[in-house]
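J.: run.cif (mmCIF, C-alpha atoms) pasted underneath:
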data_target
loop_
_atom_site.label_atom_id
_atom_site.label_comp_id
_atom_site.auth_asym_id
_atom_site.auth_seq_id
_atom_site.Cartn_x
_atom_site.Cartn_y
_atom_site.Cartn_z
CA MET W 1 141.06 95.28 44.56
CA THR W 2 140.24 95.17 48.25
CA ARG W 3 141.18 92.21 50.42
CA ILE W 4 137.49 91.28 50.62
CA GLU W 5 137.29 91.19 46.82
CA GLN W 6 140.45 89.11 46.68
CA ILE W 7 139.03 86.66 49.21
CA GLU W 8 135.86 86.34 47.12
CA ARG W 9 137.97 85.43 44.10
CA ILE W 10 140.15 82.95 45.96
CA ASP W 11 136.98 81.39 47.40
CA ARG W 12 135.84 80.73 43.82
CA ALA W 13 139.24 79.27 42.95
CA ILE W 14 139.09 76.94 45.97
CA ALA W 15 135.59 75.80 44.99
CA ARG W 16 136.94 74.82 41.58
CA ALA W 17 140.17 73.22 42.81
CA PRO W 18 139.85 72.37 46.52
CA ASP W 19 143.02 70.25 46.52
CA ARG W 20 145.42 73.07 45.65
CA ALA W 21 147.33 73.92 48.83
CA TRP W 22 148.60 77.26 47.60
CA TYR W 23 145.02 78.51 47.19
CA ARG W 24 144.48 77.76 50.88
CA GLU W 25 147.75 79.46 51.78
CA THR W 26 146.75 82.57 49.85
CA HIS W 27 143.33 82.57 51.53
CA ALA W 28 145.10 82.30 54.91
CA ILE W 29 147.34 85.29 54.15
CA TYR W 30 144.37 87.40 53.10
CA SER W 31 142.55 86.34 56.27
CA ILE W 32 145.55 87.32 58.41
CA ASP W 33 145.48 90.75 56.78
CA LEU W 34 141.89 91.12 58.00
CA HIS W 35 142.72 89.71 61.47
CA ARG W 36 140.56 86.68 60.80
CA PHE W 37 142.98 84.41 62.58
CA GLU W 38 140.59 81.52 63.17
CA GLN W 39 139.85 81.34 59.44
CA ALA W 40 143.56 81.62 58.65
CA ALA W 41 144.33 78.74 61.00
CA ALA W 42 141.67 76.58 59.34
CA ASP W 43 143.08 77.40 55.90
CA LEU W 44 146.59 76.47 57.03
CA ASP W 45 145.38 73.25 58.63
CA THR W 46 144.00 72.23 55.23
CA ALA W 47 147.07 73.42 53.31
CA ILE W 48 149.32 71.35 55.58
CA ILE W 49 147.18 68.25 55.04
CA LEU W 50 147.37 68.80 51.27
CA ALA W 51 151.07 69.68 50.94
CA ASP W 52 153.02 70.03 54.18
CA ARG W 53 156.15 72.17 54.02
CA PRO W 54 158.22 74.17 56.53
CA TYR W 55 156.91 77.61 55.61
CA LEU W 56 153.30 76.54 56.18
CA ARG W 57 154.27 75.28 59.63
CA TYR W 58 155.96 78.60 60.38
CA LEU W 59 152.97 80.58 59.14
CA ARG W 60 150.57 78.51 61.23
CA GLY W 61 152.85 79.04 64.24
CA LEU W 62 152.62 82.81 63.74
CA VAL W 63 148.82 82.64 63.47
CA THR W 64 148.67 80.52 66.62
CA CYS W 65 150.66 83.23 68.43
CA GLN W 66 148.36 85.92 67.07
CA ARG W 67 145.50 83.93 68.61
CA GLY W 68 147.32 84.05 71.97
CA ASP W 69 148.34 80.38 72.15
CA PHE W 70 152.13 80.74 72.34
CA GLY W 71 152.70 77.27 73.73
CA GLY W 72 150.58 75.76 71.01
CA SER W 73 152.74 77.35 68.33
CA LEU W 74 156.00 75.68 69.38
CA ALA W 75 155.45 72.33 67.65
CA ASP W 76 154.94 74.07 64.32
CA PHE W 77 158.01 76.24 64.77
CA ASP W 78 160.01 73.15 65.72
CA ARG W 79 158.86 71.37 62.55
CA ALA W 80 159.62 74.40 60.40
CA ILE W 81 163.15 74.71 61.79
CA ALA W 82 163.80 70.98 61.51
CA GLY W 83 162.81 71.17 57.85
CA GLN W 84 164.78 74.32 56.99
CA PRO W 85 167.30 75.11 59.75
CA GLU W 86 168.93 77.90 57.73
CA ASN W 87 165.70 79.85 57.27
CA SER W 88 166.31 82.74 59.63
CA GLN W 89 162.71 83.95 59.91
CA PHE W 90 161.66 80.70 61.57
CA TYR W 91 163.81 81.52 64.62
CA ARG W 92 161.97 84.83 65.10
CA GLY W 93 158.68 83.05 65.70
CA ARG W 94 160.05 80.38 67.99
CA ALA W 95 162.19 82.79 70.03
CA LEU W 96 159.25 85.10 70.72
CA ALA W 97 156.94 82.19 71.52
CA ARG W 98 159.52 80.62 73.85
CA ALA W 99 159.97 83.93 75.67
CA ALA W 100 156.19 84.25 76.05
CA VAL W 101 155.89 80.85 77.77
CA GLY W 102 158.90 81.25 80.07
CA ARG W 103 161.44 79.24 78.08
CA HIS W 104 163.84 82.15 78.29
CA GLU W 105 167.16 80.39 77.74
CA GLY W 106 165.81 78.67 74.64
CA ALA W 107 164.45 82.00 73.43
CA LEU W 108 167.91 83.55 73.73
CA VAL W 109 169.51 80.64 71.85
CA ASP W 110 167.04 81.15 69.00
CA ALA W 111 167.51 84.92 69.07
CA GLU W 112 171.29 84.58 68.88
CA ARG W 113 170.85 82.25 65.92
CA LEU W 114 168.58 84.78 64.25
CA VAL W 115 171.08 87.60 64.72
CA SER W 116 173.87 85.42 63.32
CA LEU W 117 171.79 84.51 60.25
CA ALA W 118 170.22 87.93 59.64
CA PRO W 119 172.31 90.68 61.29
CA GLN W 120 170.96 93.20 58.78
CA TRP W 121 167.36 92.90 60.02
CA GLY W 122 166.09 95.31 62.63
CA ILE W 123 163.68 92.70 63.94
CA SER W 124 166.58 90.36 64.78
CA TYR W 125 167.71 92.75 67.50
CA TYR W 126 164.18 93.23 68.76
CA VAL W 127 163.84 89.46 69.17
CA ARG W 128 167.13 89.20 71.05
CA GLY W 129 166.13 92.16 73.18
CA ALA W 130 162.85 90.45 74.05
CA ALA W 131 164.74 87.33 75.13
CA LEU W 132 167.24 89.33 77.19
CA SER W 133 164.43 91.27 78.82
CA ALA W 134 162.67 88.04 79.75
CA LEU W 135 165.90 86.94 81.44
CA GLY W 136 165.98 90.16 83.48
CA ARG W 137 168.86 91.64 81.48
CA ASP W 138 167.08 94.89 80.73
CA ARG W 139 170.17 97.02 80.14
CA ASP W 140 171.37 94.60 77.46
CA ALA W 141 167.84 94.42 76.08
CA ILE W 142 167.69 98.20 75.71
CA ALA W 143 170.86 98.15 73.63
CA ASP W 144 169.21 95.67 71.26
CA PHE W 145 165.96 97.63 71.11
CA ASP W 146 168.05 100.71 70.27
CA GLU W 147 169.70 98.81 67.43
CA SER W 148 166.37 97.51 66.19
CA LEU W 149 165.01 101.05 66.03
CA ARG W 150 168.19 102.36 64.42
CA ARG W 151 167.79 99.86 61.60
CA ARG W 152 163.97 100.03 61.37
CA PRO W 153 162.82 103.32 62.92
CA GLU W 154 159.26 102.75 61.71
CA LEU W 155 158.76 99.75 64.01
CA ILE W 156 156.56 100.42 67.02
CA TYR W 157 156.81 97.28 69.15
CA PRO W 158 160.52 97.85 70.04
CA LEU W 159 159.47 101.19 71.53
CA ARG W 160 156.95 99.51 73.80
CA ALA W 161 159.44 96.81 74.77
CA ARG W 162 162.12 99.39 75.51
CA ALA W 163 159.64 101.36 77.62
CA ALA W 164 158.97 98.23 79.71
CA SER W 165 162.70 97.71 80.23
CA TYR W 166 163.21 101.33 81.21
CA ASP W 167 160.32 101.04 83.65
CA ARG W 168 161.82 97.97 85.32
CA LEU W 169 165.11 99.84 85.65
CA GLY W 170 163.34 102.74 87.36
CA GLU W 171 163.90 105.14 84.45
CA SER W 172 160.32 106.32 84.36
CA ALA W 173 160.87 109.45 82.26
CA ARG W 174 162.41 107.43 79.46
CA ALA W 175 159.69 104.80 79.74
CA THR W 176 156.99 107.46 79.49
CA ALA W 177 158.67 109.10 76.50
CA ASP W 178 158.80 105.79 74.63
CA LEU W 179 155.17 104.99 75.40
CA GLU W 180 154.04 108.42 74.26
CA GLU W 181 156.03 108.10 71.04
CA ALA W 182 154.56 104.62 70.46
CA ARG W 183 151.03 105.98 70.91
CA ARG W 184 151.71 108.86 68.50
CA ARG W 185 153.01 106.47 65.88
CA GLU W 186 150.10 104.07 66.34
CA GLU W 187 147.66 106.89 65.60
CA ARG W 188 149.16 107.41 62.14
CA GLU W 189 150.60 103.96 61.33
CA SER W 190 148.45 101.30 59.70
CA SER W 191 151.13 98.85 58.57
CA ALA W 192 150.75 95.57 60.44
CA VAL W 193 154.46 94.88 59.96
CA CYS W 194 155.25 97.87 62.17
CA LEU W 195 152.68 96.97 64.81
CA ASP W 196 152.87 93.19 65.16
CA PRO W 197 156.09 91.20 65.72
CA PHE W 198 154.23 88.02 64.70
CA ARG W 199 153.26 89.39 61.31
CA TYR W 200 154.19 87.03 58.44
#
Is it possible to give me this structure as structure tokens?
T.:
Amino acid sequence: MTRIEQIERIDRAIARAPDRAWYRETHAIYSIDLHRFEQAAADLDTAIILADRPYLRYLRGLVTCQRGDFGGSLADFDRAIAGQPENSQFYRGRALARAAVGRHEGALVDAERLVSLAPQWGISYYVRGAALSALGRDRDAIADFDESLRRRPELIYPLRARAASYDRLGESARATADLEEARRREERESSAVCLDPFRY
């Protein structure tokens, strides 16, 4: 079944039972897969009204970031973390959003928490690298991007981040090599998880 066909079926389910929050959550996830972020946000708004819980807040925070409103995502990430402070994935969203709006020290605190909770995840090191890079600590950031790629070599966004750090350090050959490799991978990679650090 295609995502479009799945959305048509979940639309029918929602029409029959409009008060079921998990139908709205499923519709939001399918909409995210199709990059219909405005629709996903509307679905999550309704799901939260029907049955608020930390994961829905986190998911809406990610969608808000995918729509380019990093500052607007922070309240949802805060609520998600307050509700489930041991859920490591929540710190990924807030750390990246904080870095994007210039709250660099807070981003690093969240990133360190993420690494402590999920040291096995390649994305944990990417997130910490992004925070370190935002603080101007590009050499330390590169070490984390290296570790991210060692653990998850299929990820593309650490390559682009590492290229930016290399560029700021004046290592243009390495920056160019990373950008070229990222472009090559993007031509053959369709997995959103590999392309988008805000992917659910």
J.: Which residues are near W:Leu179? Cut-off 7 Å, all atoms listed in the file, ignore same chain within fewer than 4 positions. Put them as a list in words.
T.: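 Skipping anything fewer than 4 positions along the chain leaves Leu159, Arg160, Ala163, Ala175 and Arg183 of chain W.
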J.: Could you list the residues chosen by the PyMOL selection byres ((chain W and resi 20) around 12) in this structure as a compact mmCIF listing (two decimals) with C-alpha atoms, keeping the file's coordinate frame?
T.:
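And here's result33.txt as it stands now:
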# COMPACT_ATOMS: atom_id res chain seq x y z
CA ILE W 10 140.15 82.95 45.96
CA ASP W 11 136.98 81.39 47.40
CA ALA W 13 139.24 79.27 42.95
CA ILE W 14 139.09 76.94 45.97
CA ALA W 15 135.59 75.80 44.99
CA ARG W 16 136.94 74.82 41.58
CA ALA W 17 140.17 73.22 42.81
CA PRO W 18 139.85 72.37 46.52
CA ASP W 19 143.02 70.25 46.52
CA ALA W 21 147.33 73.92 48.83
CA TRP W 22 148.60 77.26 47.60
CA TYR W 23 145.02 78.51 47.19
CA ARG W 24 144.48 77.76 50.88
CA GLU W 25 147.75 79.46 51.78
CA THR W 26 146.75 82.57 49.85
CA HIS W 27 143.33 82.57 51.53
CA ASP W 43 143.08 77.40 55.90
CA LEU W 44 146.59 76.47 57.03
CA THR W 46 144.00 72.23 55.23
CA ALA W 47 147.07 73.42 53.31
CA ILE W 48 149.32 71.35 55.58
CA ILE W 49 147.18 68.25 55.04
CA LEU W 50 147.37 68.80 51.27
CA ALA W 51 151.07 69.68 50.94
CA ASP W 52 153.02 70.03 54.18
J.: Residues within 7 Å of W:Asp76, please, as a ChimeraX atom specification. Count all atoms listed in the file; anything in the same chain fewer than 2 positions from it doesn't count.
T.: /W:57-58,60-61,73-74,78-80
J.: Between W:Ile81, W:Cys65, W:Cys194, W:Ala28, which one has atoms that come closest to W:Pro158, using only C-alpha atoms?
T.: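 Checking each of W:Ile81, W:Cys65, W:Cys194, W:Ala28 against W:Pro158, counting only C-alpha atoms, the winner is W:Cys194.
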J.: Please measure the separation of atom CA of W:Leu34 and atom CA of W:Arg188, giving the value in Å to one decimal.
T.: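 These atoms are spaced 18.3 Å apart.
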J.: Give me, please, the distance in Å between atom CA of W:His35 and atom CA of W:Gly129, quoted to one decimal.
T.: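 Taking atom CA of W:His35 as the start and atom CA of W:Gly129 as the end point, the length is 26.3 Å.
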J.: Go ahead and find all residues with at least one atom no further than 12 Å from (148.0, 95.4, 58.6) in the file's coordinates, using all atoms listed in the file; report them as a list in words.
T.: Arg3, Ile29, Tyr30, Ser31, Ile32, Asp33, Leu34, His35, Arg36, Glu186, Glu189, Ser190, Ser191, Ala192, Val193, Cys194, Leu195, Asp196, Pro197, Phe198, Arg199 and Tyr200 of chain W
J.: Dump C-alpha atoms for the selected residues as a CSV table (one decimal), in the coordinates of the input?
T.:
chain,number,residue,atom,x,y,z
W,3,ARG,CA,141.2,92.2,50.4
W,29,ILE,CA,147.3,85.3,54.2
W,30,TYR,CA,144.4,87.4,53.1
W,31,SER,CA,142.6,86.3,56.3
W,32,ILE,CA,145.6,87.3,58.4
W,33,ASP,CA,145.5,90.8,56.8
W,34,LEU,CA,141.9,91.1,58.0
W,35,HIS,CA,142.7,89.7,61.5
W,36,ARG,CA,140.6,86.7,60.8
W,186,GLU,CA,150.1,104.1,66.3
W,189,GLU,CA,150.6,104.0,61.3
W,190,SER,CA,148.4,101.3,59.7
W,191,SER,CA,151.1,98.8,58.6
W,192,ALA,CA,150.8,95.6,60.4
W,193,VAL,CA,154.5,94.9,60.0
W,194,CYS,CA,155.2,97.9,62.2
W,195,LEU,CA,152.7,97.0,64.8
W,196,ASP,CA,152.9,93.2,65.2
W,197,PRO,CA,156.1,91.2,65.7
W,198,PHE,CA,154.2,88.0,64.7
W,199,ARG,CA,153.3,89.4,61.3
W,200,TYR,CA,154.2,87.0,58.4
J.: Quick check on the file I pasted: which residues fall under the PyMOL selection byres ((chain W and resi 141) around 8)? Write them as number ranges by chain.
T.: W: 128-133, 137-140, 142-145, 162, 165
J.: Give me, as a VMD selection string, all polymer residues having an atom no more than 6 Å from stretch 94-111 of chain W, counting all atoms listed in the file and skipping those fewer than 3 positions away in the same chain.
T.: chain W and resid 70 77 91 114 127 to 128 131
J.: Quick one: pull the distance between atom CA of W:Leu59 and atom CA of W:Glu112, Å, one decimal.
T.: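 Interatomic distance, atom CA of W:Leu59 to atom CA of W:Glu112: 21.1 Å.
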J.: Counting only C-alpha atoms, find residues at most 9 Å from (168.1, 85.7, 57.1) (file frame) and give them as a count of residues only.
T.: 12
J.: Around all the atoms of stretch 148-164 of chain W listed in the file, with 8 Å of room on each side, what axis-aligned box do you get, giving centre and edge lengths in Å to one decimal, as JSON?
T.:
{"center_x": 162.4, "center_y": 100.1, "center_z": 70.5, "size_x": 27.6, "size_y": 22.5, "size_z": 34.3}
